[in-house]
$ cat upload-v7.cif   # mmCIF, C-alpha atoms and all ligand atoms
data_model
loop_
_atom_site.label_atom_id
_atom_site.label_comp_id
_atom_site.auth_asym_id
_atom_site.auth_seq_id
_atom_site.Cartn_x
_atom_site.Cartn_y
_atom_site.Cartn_z
CA MET A 1 72.95 97.13 115.67
CA ASP A 2 73.74 100.79 115.25
CA GLU A 3 76.79 100.61 117.47
CA LEU A 4 79.82 99.31 115.60
CA THR A 5 82.80 97.57 117.10
CA ILE A 6 86.20 97.76 115.45
CA ARG A 7 87.70 94.32 116.02
CA ARG A 8 91.41 93.88 115.54
CA ILE A 9 91.55 90.12 115.24
CA PRO A 10 94.99 88.49 115.17
CA PHE A 11 94.24 86.17 112.25
CA GLU A 12 97.21 84.12 111.17
CA PHE A 13 97.99 83.15 107.61
CA PRO A 14 100.83 80.63 107.84
CA GLU A 15 102.37 78.90 104.84
CA ASP A 16 100.32 75.73 105.33
CA ILE A 17 97.07 77.42 104.26
CA GLU A 18 96.29 76.12 100.79
CA PRO A 19 94.78 78.29 98.02
CA HIS A 20 92.24 75.44 97.66
CA TRP A 21 91.32 76.03 101.30
CA ASN A 22 88.07 74.17 100.70
CA ALA A 23 89.63 71.03 99.19
CA ALA A 24 86.25 69.66 98.09
CA LYS A 25 85.39 72.88 96.24
CA PRO A 26 88.44 74.33 94.41
CA GLU A 27 86.23 76.50 92.19
CA TRP A 28 84.41 77.98 95.18
CA SER A 29 87.76 78.50 96.94
CA HIS A 30 88.92 80.58 93.99
CA MET A 31 85.65 82.51 93.76
CA VAL A 32 86.29 83.62 97.34
CA ASN A 33 90.01 84.18 96.67
CA GLY A 34 89.07 86.34 93.69
CA ALA A 35 86.77 88.48 95.81
CA SER A 36 89.42 88.70 98.52
CA LEU A 37 91.91 90.04 95.97
CA VAL A 38 89.61 93.00 95.27
CA MET A 39 89.16 94.06 98.91
CA PRO A 40 92.45 96.00 99.42
CA TYR A 41 91.51 98.23 96.47
CA LEU A 42 87.76 98.42 96.89
CA GLU A 43 87.63 99.03 100.64
CA PRO A 44 90.11 101.93 100.78
CA TYR A 45 87.99 103.52 98.04
CA LEU A 46 84.84 103.04 100.17
CA ILE A 47 86.61 104.56 103.18
CA GLN A 48 87.83 107.52 101.15
CA SER A 49 84.31 108.07 99.75
CA VAL A 50 82.60 107.93 103.14
CA ARG A 51 85.28 110.15 104.71
CA ALA A 52 84.68 112.74 101.97
CA GLY A 53 80.93 112.52 102.66
CA MET A 54 81.49 112.96 106.40
CA LYS A 55 82.85 116.45 105.78
CA GLN A 56 79.35 117.49 104.76
CA ILE A 57 77.58 115.92 107.73
CA GLU A 58 76.69 117.78 110.93
CA ASP A 59 74.91 114.99 112.82
CA PRO A 60 77.46 113.74 115.43
CA GLU A 61 75.83 110.31 115.72
CA LEU A 62 75.97 109.67 111.99
CA LYS A 63 79.53 110.96 111.92
CA ALA A 64 80.47 108.50 114.65
CA VAL A 65 78.84 105.57 112.82
CA ALA A 66 80.54 106.59 109.57
CA SER A 67 83.88 106.80 111.34
CA ASP A 68 83.43 103.32 112.88
CA TYR A 69 82.38 102.03 109.46
CA CYS A 70 85.72 103.24 108.09
CA GLY A 71 87.45 101.57 111.04
CA GLN A 72 85.82 98.21 110.27
CA GLU A 73 86.57 98.42 106.55
CA GLY A 74 90.16 99.34 107.38
CA GLN A 75 90.54 96.10 109.32
CA HIS A 76 88.92 94.08 106.53
CA PHE A 77 91.23 95.10 103.74
CA ARG A 78 94.36 94.78 105.88
CA GLN A 79 93.49 91.19 106.79
CA HIS A 80 92.60 90.37 103.17
CA LYS A 81 95.88 91.84 101.94
CA ARG A 82 97.80 89.44 104.18
CA PHE A 83 95.77 86.51 102.87
CA ASN A 84 96.18 87.71 99.27
CA ASP A 85 99.96 87.96 99.68
CA LEU A 86 99.93 84.34 100.78
CA LEU A 87 97.98 83.37 97.63
CA ALA A 88 100.46 85.20 95.40
CA ASP A 89 103.38 83.52 97.18
CA LYS A 90 101.78 80.09 96.92
CA GLY A 91 101.82 79.80 93.16
CA TYR A 92 99.89 82.77 91.80
CA PRO A 93 102.43 85.61 91.33
CA GLU A 94 100.43 86.86 88.32
CA LEU A 95 97.88 88.20 90.83
CA ARG A 96 100.34 91.05 91.43
CA GLU A 97 99.63 92.40 87.96
CA LEU A 98 95.88 92.31 88.63
CA GLU A 99 96.51 94.18 91.87
CA ASP A 100 98.40 96.89 89.97
CA ARG A 101 95.52 97.17 87.53
CA MET A 102 93.03 97.56 90.37
CA THR A 103 95.15 100.27 92.00
CA GLU A 104 95.08 102.14 88.71
CA GLY A 105 91.36 101.43 88.09
CA TYR A 106 90.22 102.78 91.45
CA ARG A 107 92.57 105.77 91.08
CA ARG A 108 90.86 106.62 87.79
CA ILE A 109 87.36 106.21 89.28
CA THR A 110 88.33 108.47 92.19
CA GLU A 111 89.60 111.19 89.89
CA LYS A 112 86.90 110.99 87.26
CA HIS A 113 83.69 110.91 89.30
CA SER A 114 81.74 113.11 91.72
CA LEU A 115 81.21 112.66 95.45
CA ARG A 116 77.65 111.64 94.62
CA PHE A 117 78.97 108.80 92.45
CA HIS A 118 81.42 107.66 95.14
CA LEU A 119 78.73 107.62 97.83
CA ALA A 120 76.23 105.84 95.56
CA TYR A 121 78.94 103.25 94.78
CA ALA A 122 79.64 102.79 98.51
CA ALA A 123 75.94 102.51 99.40
CA GLY A 124 75.38 100.16 96.44
CA PHE A 125 78.29 97.91 97.31
CA GLU A 126 77.10 97.73 100.92
CA SER A 127 73.66 96.57 99.75
CA MET A 128 75.30 93.71 97.88
CA ALA A 129 77.58 92.94 100.83
CA LEU A 130 74.56 92.73 103.15
CA VAL A 131 72.78 90.29 100.86
CA ILE A 132 75.93 88.21 100.37
CA GLY A 133 76.50 88.22 104.13
CA HIS A 134 73.05 86.76 104.75
CA TRP A 135 73.67 84.12 102.10
CA LEU A 136 77.11 83.10 103.45
CA VAL A 137 75.73 82.75 106.95
CA ARG A 138 72.61 80.87 105.88
CA ASP A 139 74.55 78.54 103.60
CA ARG A 140 77.68 78.28 105.77
CA GLU A 141 77.64 74.49 106.11
CA TYR A 142 77.49 73.99 102.33
CA LEU A 143 80.06 76.69 101.56
CA PHE A 144 82.53 76.33 104.42
CA GLY A 145 81.87 72.89 105.96
CA GLY A 146 85.12 70.92 106.24
CA SER A 147 87.21 73.82 104.92
CA ASP A 148 90.29 75.40 106.47
CA PRO A 149 88.90 77.16 109.57
CA ARG A 150 91.38 80.01 109.26
CA VAL A 151 90.02 81.09 105.90
CA ALA A 152 86.35 80.36 106.70
CA SER A 153 86.71 82.41 109.89
CA LEU A 154 88.25 85.34 108.03
CA ILE A 155 85.41 85.42 105.51
CA LEU A 156 82.60 84.97 108.03
CA TRP A 157 84.08 87.59 110.41
CA HIS A 158 84.20 90.01 107.49
CA PHE A 159 80.56 89.40 106.62
CA VAL A 160 79.37 89.51 110.23
CA GLU A 161 80.69 93.07 110.17
CA GLU A 162 79.18 93.75 106.73
CA ILE A 163 75.81 92.86 108.27
CA GLU A 164 76.64 94.89 111.37
CA HIS A 165 77.37 98.09 109.41
CA LYS A 166 74.55 97.52 106.90
CA ASN A 167 73.10 101.04 107.09
CA ALA A 168 76.24 103.19 107.51
CA ALA A 169 77.11 103.98 103.87
CA LEU A 170 73.46 104.37 102.85
CA ASP A 171 72.84 106.77 105.74
CA VAL A 172 75.80 108.87 104.57
CA TYR A 173 74.53 108.83 100.98
CA ASN A 174 71.03 109.84 102.12
CA ALA A 175 72.41 112.62 104.31
CA VAL A 176 74.70 114.10 101.67
CA CYS A 177 73.00 113.57 98.31
CA PRO A 178 69.72 111.66 98.60
CA GLY A 179 68.06 110.37 95.46
CA TYR A 180 66.55 107.04 94.49
CA PHE A 181 67.66 106.65 90.87
CA TYR A 182 71.27 107.51 91.50
CA ARG A 183 71.32 105.08 94.42
CA LEU A 184 69.94 102.41 92.09
CA PHE A 185 72.63 103.25 89.55
CA GLY A 186 75.26 102.92 92.29
CA LEU A 187 73.88 99.54 93.32
CA PHE A 188 74.14 98.13 89.80
CA TYR A 189 77.44 99.81 88.98
CA ALA A 190 79.20 98.70 92.15
CA SER A 191 77.80 95.15 91.99
CA PHE A 192 78.82 94.56 88.38
CA HIS A 193 82.18 96.24 88.87
CA VAL A 194 83.17 94.21 91.93
CA ILE A 195 81.87 90.94 90.46
CA ALA A 196 83.80 91.59 87.21
CA LEU A 197 87.03 92.29 89.12
CA SER A 198 86.56 89.18 91.27
CA ARG A 199 85.87 87.08 88.18
CA ARG A 200 89.03 88.27 86.46
CA ALA A 201 91.02 87.18 89.51
CA TYR A 202 89.44 83.73 89.93
CA ARG A 203 89.70 83.08 86.20
CA SER A 204 93.43 83.79 86.43
CA MET A 205 93.85 81.34 89.32
CA LEU A 206 91.75 78.61 87.69
CA ARG A 207 93.78 79.04 84.49
CA LYS A 208 96.98 78.60 86.45
CA ASP A 209 95.57 75.38 87.95
CA GLY A 210 94.66 74.10 84.47
CA LEU A 211 91.03 73.98 85.57
CA TRP A 212 89.62 76.85 83.52
CA THR A 213 89.45 74.79 80.32
CA LYS A 214 88.49 71.53 82.01
CA PRO A 215 84.77 70.75 81.36
CA SER A 216 84.18 69.09 84.74
CA SER A 217 85.67 72.07 86.55
CA ARG A 218 83.75 74.55 84.43
CA LEU A 219 80.51 72.71 85.25
CA ARG A 220 81.26 72.90 88.98
CA LEU A 221 82.05 76.59 88.62
CA TRP A 222 78.80 77.26 86.78
CA LYS A 223 76.94 75.34 89.47
CA GLU A 224 78.44 77.56 92.17
CA VAL A 225 77.88 80.76 90.19
CA THR A 226 74.25 79.79 89.40
CA ARG A 227 73.67 78.94 93.04
CA PHE A 228 75.10 82.31 94.06
CA LEU A 229 72.90 84.19 91.59
CA ALA A 230 69.75 82.24 92.47
CA LEU A 231 70.18 82.80 96.20
CA VAL A 232 71.41 86.40 96.04
CA LEU A 233 69.58 88.12 93.18
CA PRO A 234 66.04 88.00 94.66
CA HIS A 235 67.35 89.70 97.79
CA MET A 236 69.22 92.27 95.70
CA LEU A 237 65.86 93.21 94.19
CA ARG A 238 64.58 93.86 97.69
CA CYS A 239 67.43 96.35 98.18
CA SER A 240 66.65 98.09 94.90
CA VAL A 241 63.15 99.34 95.78
CA PRO A 242 62.56 103.01 96.72
CA GLY A 243 62.78 103.65 100.45
CA HIS A 244 65.00 100.61 101.07
CA ASP A 245 66.04 100.63 104.72
CA PRO A 246 68.62 98.02 105.74
CA ARG A 247 67.47 98.35 109.37
CA LYS A 248 64.28 96.54 108.37
CA ILE A 249 66.28 93.47 107.31
CA GLU A 250 66.62 91.43 110.46
CA ASP A 251 70.09 90.17 111.33
CA PRO A 252 70.51 86.38 111.24
CA GLN A 253 70.52 84.84 114.71
CA TRP A 254 73.96 83.31 114.00
CA VAL A 255 75.36 86.81 113.49
CA VAL A 256 73.77 88.08 116.70
CA ASP A 257 75.27 85.05 118.48
CA TRP A 258 78.71 85.63 116.89
CA VAL A 259 78.74 89.24 118.09
CA GLN A 260 77.68 88.19 121.59
CA ALA A 261 80.19 85.32 121.75
CA TYR A 262 82.97 87.64 120.62
CA ARG A 263 81.95 90.19 123.25
CA ASP A 264 81.94 87.47 125.91
CA GLY A 265 85.31 86.21 124.69
CA GLN A 266 84.25 82.59 124.65
CA GLY A 267 83.52 79.70 122.32
CA SER A 268 84.80 79.07 118.82
CA VAL A 269 84.67 82.73 117.82
CA PRO A 270 86.41 84.15 115.91
CA ILE A 271 88.14 80.89 114.76
CA LEU A 272 85.21 78.69 113.85
CA ASP A 273 84.89 74.92 113.95
CA THR A 274 84.23 74.14 110.28
CA GLN A 275 83.48 70.51 111.11
CA ASN A 276 80.40 71.68 112.96
CA LEU A 277 79.15 75.00 111.66
CA ALA A 278 75.61 74.20 112.79
CA ALA A 279 76.72 74.19 116.44
CA PRO A 280 75.60 77.10 118.61
CA LEU A 281 78.25 79.77 119.00
CA GLY A 282 79.50 80.78 122.39
CA GLU A 283 79.76 77.24 123.68
CA PRO A 284 83.14 76.17 125.05
CA ARG A 285 85.57 75.17 122.31
CA PRO A 286 86.15 71.40 122.22
CA ALA A 287 89.47 70.39 123.81
FE FE A 301 84.36 95.05 104.38
FE FE A 302 81.16 97.03 104.19
#
$ encode --input "upload-v7.cif" --output "structure tokens" --more "lines below"
Ligand SMILES: [Fe+2]
Ligand SMILES: [Fe+2]
Amino acid sequence: MDELTIRRIPFEFPEDIEPHWNAAKPEWSHMVNGASLVMPYLEPYLIQSVRAGMKQIEDPELKAVASDYCGQEGQHFRQHKRFNDLLADKGYPELRELEDRMTEGYRRITEKHSLRFHLAYAAGFESMALVIGHWLVRDREYLFGGSDPRVASLILWHFVEEIEHKNAALDVYNAVCPGYFYRLFGLFYASFHVIALSRRAYRSMLRKDGLWTKPSSRLRLWKEVTRFLALVLPHMLRCSVPGHDPRKIEDPQWVVDWVQAYRDGQGSVPILDTQNLAAPLGEPRPA
């Protein structure tokens, strides 16, 4: 999938969306909410990094892919910002302070580091996003079954596109400043950084709910975090070997079907039926 499509999807985030959008899994809901909170600070930084790299690229095809990559990421963070504003308005105003801290944090990273660092961060984050995308799609019934379709659809759309643009940032890194060890450093740095920022946000929300200190909630959270690490880490190792080429990681059939169903304009794409996430995509939406 070298060709990227910039999809401007009119997602709606009305007041009746609950922060516990997966009512059976409040801890998982907040893990996702925490990651969502980071996107409007992380993704503009990725765009800025790749745009800076593009100035040193001659290859028109790579430039076009990099430009479309920026277009997709631009849509992602705008949609997440709207969702995040809803979260803040629905009982978590303290998220605003975390947002201010992230603005400042990414400003400092931008100023302090080299283009090589920024591109290694972008390529590293994209490796993690690819692996997480595969996991979310594979495990979608467990993670999103029975949840609010508006939130599940936002997240799965985002990660369909993360899988779609899996090689863009790495191609830019390799074209501008190739090097295995720095790429590896970027992979670890970006992964730990984004996970730490997400954790700070979900901890804040769980505290507000009174769940953070509740043993039963903490156990459920650990279960979800352990599950995430067990299912994601082995694949992260695959991305950390020399010569890693995301093109060799086959796209899940569900993602291929999502892209096709969106192109055809039919079926329950982009708003998914979370009561039946195993159903083939592209089939007529039930009346
Ligand atoms: Fe994204
Ligand atoms: Fe991405």
$ residues_near_ligand --input "upload-v7.cif" --ligand "ligand FE 302 (chain A)" --cutoff "10 Å" --atoms "all atoms listed in the file" --output "compact mmCIF listing (two decimals) with C-alpha atoms, keeping the file's coordinate frame"
# COMPACT_ATOMS: atom_id res chain seq x y z
CA LEU A 42 87.76 98.42 96.89
CA GLU A 43 87.63 99.03 100.64
CA LEU A 46 84.84 103.04 100.17
CA ILE A 47 86.61 104.56 103.18
CA TYR A 69 82.38 102.03 109.46
CA CYS A 70 85.72 103.24 108.09
CA GLN A 72 85.82 98.21 110.27
CA GLU A 73 86.57 98.42 106.55
CA GLY A 74 90.16 99.34 107.38
CA HIS A 76 88.92 94.08 106.53
CA ALA A 122 79.64 102.79 98.51
CA ALA A 123 75.94 102.51 99.40
CA PHE A 125 78.29 97.91 97.31
CA GLU A 126 77.10 97.73 100.92
CA SER A 127 73.66 96.57 99.75
CA MET A 128 75.30 93.71 97.88
CA ALA A 129 77.58 92.94 100.83
CA LEU A 130 74.56 92.73 103.15
CA GLY A 133 76.50 88.22 104.13
CA HIS A 158 84.20 90.01 107.49
CA PHE A 159 80.56 89.40 106.62
CA VAL A 160 79.37 89.51 110.23
CA GLU A 161 80.69 93.07 110.17
CA GLU A 162 79.18 93.75 106.73
CA ILE A 163 75.81 92.86 108.27
CA GLU A 164 76.64 94.89 111.37
CA HIS A 165 77.37 98.09 109.41
CA LYS A 166 74.55 97.52 106.90
CA ASN A 167 73.10 101.04 107.09
CA ALA A 168 76.24 103.19 107.51
CA ALA A 169 77.11 103.98 103.87
$ closest_residue --input "upload-v7.cif" --among "A:Ile17, A:Leu4, A:Ile9, A:Leu154" --to "Asp68 (chain A)" --atoms "all atoms listed in the file"
A:Leu4
$ closest_residue --input "upload-v7.cif" --among "A:Val255, A:Leu98, A:Ala152, A:Ala35" --to "ligand FE 301 (chain A)" --atoms "all atoms listed in the file"
A:Ala35
$ atom_distance --input "upload-v7.cif" --atom1 "CA of Arg140 (chain A)" --atom2 "CA of Trp254 (chain A)"
10.3 Å
$ residues_around --input "upload-v7.cif" --residues "region 265-274 of chain A" --least-positions-apart "3" --cutoff "8 Å" --atoms "all atoms listed in the file" --output "list in words"
Ile9, Glu141, Phe144, Gly145, Gly146, Ser147, Asp148, Pro149, Arg150, Ala152, Ser153, Trp157, Trp258, Ala261, Tyr262, Leu277, Leu281, Gly282, Glu283, Pro284 and Arg285 of chain A
$ residues_around --input "upload-v7.cif" --residues "Leu119 (chain A)" --least-positions-apart "2" --cutoff "7 Å" --atoms "all atoms listed in the file" --output "list in words"
Ser49, Val50, Leu115, Arg116, Phe117, Tyr121, Ala122, Ala123 and Tyr173 of chain A
$ atom_distance --input "upload-v7.cif" --atom1 "CA of His118 (chain A)" --atom2 "CA of His235 (chain A)"
23.0 Å
$ closest_residue --input "upload-v7.cif" --among "A:Lys208, A:His193, A:His134, A:Arg8" --to "Leu231 (chain A)" --atoms "all atoms listed in the file"
A:His134
$ residues_around --input "upload-v7.cif" --residues "Arg96 (chain A)" --least-positions-apart "5" --cutoff "12 Å" --atoms "all atoms listed in the file" --output "list in words"
Leu37, Val38, Lys81, Asn84, Asp85, Leu86, Leu87, Ala88, Asp89, Gly91, Arg101, Met102, Thr103, Ala201, Ser204 and Met205 of chain A
$ closest_residue --input "upload-v7.cif" --among "A:Trp28, A:Trp21, A:Phe13, A:Tyr182" --to "Val225 (chain A)" --atoms "all atoms listed in the file"
A:Trp28
$ residues_around --input "upload-v7.cif" --residues "Leu206 (chain A)" --least-positions-apart "4" --cutoff "10 Å" --atoms "all atoms listed in the file" --output "ChimeraX atom specification"
/A:26-27,30-31,201-202,210-214,217-218,221
$ atom_distance --input "upload-v7.cif" --atom1 "CA of Arg247 (chain A)" --atom2 "CA of Leu170 (chain A)"
10.7 Å
$ decode --input "upload-v7.cif" --residues "region 261-287 of chain A" --atoms "N, CA and C atoms" --output "PDB file, in the first residue's frame"
ATOM      1  N   ALA A 261     -13.608  -1.194   1.438  1.00  0.00           N
ATOM      2  CA  ALA A 261     -15.003  -0.831   1.751  1.00  0.00           C
ATOM      3  C   ALA A 261     -15.151   0.684   1.805  1.00  0.00           C
ATOM      4  N   TYR A 262     -14.137   1.353   2.317  1.00  0.00           N
ATOM      5  CA  TYR A 262     -14.194   2.831   2.355  1.00  0.00           C
ATOM      6  C   TYR A 262     -14.189   3.385   0.931  1.00  0.00           C
ATOM      7  N   ARG A 263     -13.315   2.798   0.105  1.00  0.00           N
ATOM      8  CA  ARG A 263     -13.208   3.249  -1.289  1.00  0.00           C
ATOM      9  C   ARG A 263     -14.544   3.044  -2.008  1.00  0.00           C
ATOM     10  N   ASP A 264     -15.185   1.899  -1.719  1.00  0.00           N
ATOM     11  CA  ASP A 264     -16.455   1.591  -2.377  1.00  0.00           C
ATOM     12  C   ASP A 264     -17.617   2.385  -1.782  1.00  0.00           C
ATOM     13  N   GLY A 265     -17.359   2.983  -0.605  1.00  0.00           N
ATOM     14  CA  GLY A 265     -18.417   3.768   0.045  1.00  0.00           C
ATOM     15  C   GLY A 265     -19.577   2.927   0.511  1.00  0.00           C
ATOM     16  N   GLN A 266     -19.313   1.748   1.009  1.00  0.00           N
ATOM     17  CA  GLN A 266     -20.417   0.887   1.435  1.00  0.00           C
ATOM     18  C   GLN A 266     -20.098   0.198   2.757  1.00  0.00           C
ATOM     19  N   GLY A 267     -21.131  -0.405   3.341  1.00  0.00           N
ATOM     20  CA  GLY A 267     -20.917  -1.190   4.557  1.00  0.00           C
ATOM     21  C   GLY A 267     -20.729  -0.331   5.788  1.00  0.00           C
ATOM     22  N   SER A 268     -20.352  -0.996   6.882  1.00  0.00           N
ATOM     23  CA  SER A 268     -20.247  -0.293   8.165  1.00  0.00           C
ATOM     24  C   SER A 268     -18.858   0.307   8.347  1.00  0.00           C
ATOM     25  N   VAL A 269     -18.353   0.950   7.302  1.00  0.00           N
ATOM     26  CA  VAL A 269     -17.090   1.676   7.364  1.00  0.00           C
ATOM     27  C   VAL A 269     -17.404   3.110   6.987  1.00  0.00           C
ATOM     28  N   PRO A 270     -16.925   4.125   7.689  1.00  0.00           N
ATOM     29  CA  PRO A 270     -16.003   4.017   8.805  1.00  0.00           C
ATOM     30  C   PRO A 270     -16.651   3.762  10.170  1.00  0.00           C
ATOM     31  N   ILE A 271     -17.995   3.964  10.333  1.00  0.00           N
ATOM     32  CA  ILE A 271     -18.589   3.711  11.656  1.00  0.00           C
ATOM     33  C   ILE A 271     -18.912   2.223  11.766  1.00  0.00           C
ATOM     34  N   LEU A 272     -18.170   1.559  12.638  1.00  0.00           N
ATOM     35  CA  LEU A 272     -18.217   0.106  12.725  1.00  0.00           C
ATOM     36  C   LEU A 272     -19.374  -0.369  13.603  1.00  0.00           C
ATOM     37  N   ASP A 273     -19.761  -1.616  13.373  1.00  0.00           N
ATOM     38  CA  ASP A 273     -20.759  -2.250  14.232  1.00  0.00           C
ATOM     39  C   ASP A 273     -20.000  -3.001  15.329  1.00  0.00           C
ATOM     40  N   THR A 274     -19.949  -2.408  16.528  1.00  0.00           N
ATOM     41  CA  THR A 274     -19.133  -3.031  17.587  1.00  0.00           C
ATOM     42  C   THR A 274     -19.826  -4.243  18.217  1.00  0.00           C
ATOM     43  N   GLN A 275     -21.083  -4.478  17.825  1.00  0.00           N
ATOM     44  CA  GLN A 275     -21.743  -5.709  18.307  1.00  0.00           C
ATOM     45  C   GLN A 275     -21.303  -6.902  17.469  1.00  0.00           C
ATOM     46  N   ASN A 276     -20.660  -6.623  16.350  1.00  0.00           N
ATOM     47  CA  ASN A 276     -20.301  -7.724  15.453  1.00  0.00           C
ATOM     48  C   ASN A 276     -19.030  -7.377  14.689  1.00  0.00           C
ATOM     49  N   LEU A 277     -17.941  -7.269  15.429  1.00  0.00           N
ATOM     50  CA  LEU A 277     -16.680  -6.855  14.794  1.00  0.00           C
ATOM     51  C   LEU A 277     -16.024  -7.980  13.998  1.00  0.00           C
ATOM     52  N   ALA A 278     -16.591  -9.188  14.112  1.00  0.00           N
ATOM     53  CA  ALA A 278     -16.044 -10.298  13.323  1.00  0.00           C
ATOM     54  C   ALA A 278     -16.651 -10.309  11.926  1.00  0.00           C
ATOM     55  N   ALA A 279     -17.732  -9.546  11.735  1.00  0.00           N
ATOM     56  CA  ALA A 279     -18.435  -9.581  10.447  1.00  0.00           C
ATOM     57  C   ALA A 279     -17.556  -9.036   9.336  1.00  0.00           C
ATOM     58  N   PRO A 280     -17.700  -9.560   8.132  1.00  0.00           N
ATOM     59  CA  PRO A 280     -16.917  -9.025   7.015  1.00  0.00           C
ATOM     60  C   PRO A 280     -17.295  -7.569   6.762  1.00  0.00           C
ATOM     61  N   LEU A 281     -16.291  -6.769   6.432  1.00  0.00           N
ATOM     62  CA  LEU A 281     -16.558  -5.364   6.125  1.00  0.00           C
ATOM     63  C   LEU A 281     -17.045  -5.248   4.696  1.00  0.00           C
ATOM     64  N   GLY A 282     -17.735  -4.166   4.430  1.00  0.00           N
ATOM     65  CA  GLY A 282     -18.177  -3.941   3.051  1.00  0.00           C
ATOM     66  C   GLY A 282     -19.534  -4.522   2.787  1.00  0.00           C
ATOM     67  N   GLU A 283     -20.104  -5.248   3.775  1.00  0.00           N
ATOM     68  CA  GLU A 283     -21.459  -5.753   3.575  1.00  0.00           C
ATOM     69  C   GLU A 283     -22.436  -4.655   3.955  1.00  0.00           C
ATOM     70  N   PRO A 284     -23.626  -4.682   3.388  1.00  0.00           N
ATOM     71  CA  PRO A 284     -24.587  -3.613   3.685  1.00  0.00           C
ATOM     72  C   PRO A 284     -24.793  -3.494   5.197  1.00  0.00           C
ATOM     73  N   ARG A 285     -24.897  -2.249   5.653  1.00  0.00           N
ATOM     74  CA  ARG A 285     -25.134  -1.990   7.074  1.00  0.00           C
ATOM     75  C   ARG A 285     -26.546  -2.463   7.434  1.00  0.00           C
ATOM     76  N   PRO A 286     -26.682  -3.142   8.590  1.00  0.00           N
ATOM     77  CA  PRO A 286     -28.029  -3.588   8.966  1.00  0.00           C
ATOM     78  C   PRO A 286     -28.964  -2.385   9.152  1.00  0.00           C
ATOM     79  N   ALA A 287     -30.238  -2.595   8.761  1.00  0.00           N
ATOM     80  CA  ALA A 287     -31.203  -1.472   8.838  1.00  0.00           C
ATOM     81  C   ALA A 287     -31.460  -1.122  10.298  1.00  0.00           C
TER      82      ALA A 287
END
